[in-house]
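Below is one structure; the comments refer to it alone.
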Amino acid sequence: MPILIGLMNVVVPLQIGAKDLAFPPILNSLSFWLFFSGAILFNLSFFFGTPPNAGWTAYAPLSISQFTPDVGNSFYIFSIQLSGIGTLLTAINMIVTILRLRAPGMKMFRMPLFTWSTFVTSVLILIAFSTLSVALYLLMFDRMFGTSFFTGSEGDPVYWQHLFWIFGHPEVYILALPAFGIFSDVISTFRKDYFWIFIHGVIHYFNRLFRFYGMGASHVHSWFRTNGEYIFRDYDHANCCPPHRN
């Protein structure tokens with residue numbers, strides 16, 4: 001993600017004929033340092049000997065302090081929050097730049113495909129990382145202040161699954177779409193003999209681009225096949241593990 005977003009910062013203004021990004025450079029700088037600080041904070045947990053130990057999905061109730069009292073998962077929560085806010089600010093900057101600062105005559109459907117993929121990726125970031133930020137705040141309250149959004153009689157661990165995969169599935173396309181845009185621009189620029197193949201590819205690409213956007217907004221097919229009836233009905237809270245089944 002940082003490599004692709006850095007490339008967006010350089011290439012998108014050049015491709016649409018803008019002098020710079022829409023917002024002042026201090027916003028871009030803030031975005032970078034928030035992302036970088038989150039990455040540093042996350043990796044510090046390994047040096048302190050308490051790395052996150054609930055998996056990259058941090059499924060509740062395993063990620064609640066009752067079952068993982070070490071500070072590793074707190075590092076996870078705060079670091080991903082910081083990096084996510086930085087990424088959100090960058091996405092807003094990209095969207096406003098593409099919508100407002102195109103050169104005269106540069107209509108939306110005349111934009112290069114890398115700029116198009118940047119635009120769709122930024123919209124996905126707004127959806128995915130906003131939801132992740134909400135989920136992490138709720139998890140933080142469960143860990144630190146004794147609330148029960150994902151545990152107890154009033155909460156449900158499946159809520160975390162919903163919120164996490166609203167982020168987790170679009171994240172795949174947030175990584176993939178800019179790379180597709182790079183391939184499309186490079187091939188169309190340096191292999192003119194592939195022009196008609198490229199025209200056909202552009203149509204196919206836009207078709208896939210918007211299909212991915214729709215798929216990225218869905219998430220249910222990506223979570224593990226778990227629900228309250230199957231796993232959490234007989235959850236062994238004393239030992240923090242599902243009961244063994246034959």
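Residue numbers start at 1 in each chain; chains themselves are named A, B, ... in the order of the structure tokens; ligands are numbered from 1 in the order shown.
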Need to verify the contact set: segment 25-30 of chain A, 12 Å, only C-alpha atoms, exclusion of same-chain residues closer than 3 positions in sequence. Can you return it as a count of residues only?
25
As a list in words, please: the residues near segment 46-53 of chain A (cut-off 8 Å, only C-alpha atoms, same-chain neighbours under 4 positions excluded).
Phe42, Ser63, Thr68, Asp70, Val71, Gly72, Asn73, Ser74, Phe75 and Tyr76 of chain A
Residues of segment 14-127 of chain A in helix (DSSP H, G or I) according to DSSP, as a count of residues only?
73
Can you pull out every residue within 12 Å of Leu101 of chain A, counting only C-alpha atoms, but drop anything in the same chain fewer than 5 positions away, and send it as a short mmCIF file (atom, residue, chain, number, x, y, z; two decimals) with C-alpha atoms, in the first residue's frame?
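Okay, this is what ended up in around_6.cif:
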```cif
data_model
loop_
_atom_site.label_atom_id
_atom_site.label_comp_id
_atom_site.auth_asym_id
_atom_site.auth_seq_id
_atom_site.Cartn_x
_atom_site.Cartn_y
_atom_site.Cartn_z
CA VAL A 12 -1.96 11.30 -10.77
CA PRO A 13 -1.32 15.09 -10.91
CA LEU A 14 0.89 14.55 -13.98
CA GLN A 15 -1.72 12.46 -15.78
CA ILE A 16 -4.62 14.86 -15.21
CA GLY A 17 -2.61 18.07 -15.75
CA ALA A 18 -2.82 19.36 -12.17
CA LYS A 19 -0.09 21.42 -10.56
CA ASP A 20 -0.33 19.49 -7.31
CA LEU A 21 -2.82 17.68 -5.13
CA ALA A 22 -5.95 19.50 -4.05
CA PHE A 23 -5.14 20.07 -0.39
CA ASN A 93 -7.00 14.09 -1.19
CA MET A 94 -6.95 11.85 -4.28
CA ILE A 95 -10.70 11.95 -4.82
CA VAL A 96 -10.90 15.74 -4.59
CA MET A 106 -9.70 16.22 -19.45
CA LYS A 107 -13.08 14.63 -18.94
CA MET A 108 -13.53 11.65 -16.66
#
```
Give me the residues within 7 Å of segment 137-152 of chain A as a PDB file with N, CA and C atoms, in the first residue's frame, counting only C-alpha atoms and dropping any in the same chain fewer than 6 places off.
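This is the output file out08.pdb:
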```
ATOM      1  N   ALA A  60     -12.846 -11.453  17.865  1.00  0.00           N
ATOM      2  CA  ALA A  60     -13.397 -11.509  19.216  1.00  0.00           C
ATOM      3  C   ALA A  60     -14.069 -12.876  19.385  1.00  0.00           C
ATOM      4  N   PRO A  61     -14.094 -13.407  20.622  1.00  0.00           N
ATOM      5  CA  PRO A  61     -13.644 -12.818  21.886  1.00  0.00           C
ATOM      6  C   PRO A  61     -12.171 -13.069  22.198  1.00  0.00           C
ATOM      7  N   ILE A  64     -10.255  -9.971  23.126  1.00  0.00           N
ATOM      8  CA  ILE A  64     -10.681  -9.221  24.311  1.00  0.00           C
ATOM      9  C   ILE A  64      -9.685  -9.462  25.442  1.00  0.00           C
ATOM     10  N   SER A  65      -9.536  -8.471  26.314  1.00  0.00           N
ATOM     11  CA  SER A  65      -8.519  -8.538  27.371  1.00  0.00           C
ATOM     12  C   SER A  65      -8.729  -9.722  28.310  1.00  0.00           C
ATOM     13  N   ILE A  77      -4.471  -2.474  17.958  1.00  0.00           N
ATOM     14  CA  ILE A  77      -5.605  -1.562  17.799  1.00  0.00           C
ATOM     15  C   ILE A  77      -5.138  -0.144  17.504  1.00  0.00           C
ATOM     16  N   TYR A 159     -20.513  -9.682  15.183  1.00  0.00           N
ATOM     17  CA  TYR A 159     -20.477  -8.266  14.812  1.00  0.00           C
ATOM     18  C   TYR A 159     -19.079  -7.865  14.348  1.00  0.00           C
ATOM     19  N   TRP A 160     -18.062  -8.370  15.059  1.00  0.00           N
ATOM     20  CA  TRP A 160     -16.687  -8.059  14.647  1.00  0.00           C
ATOM     21  C   TRP A 160     -16.407  -8.635  13.267  1.00  0.00           C
TER      22      TRP A 160
END
```
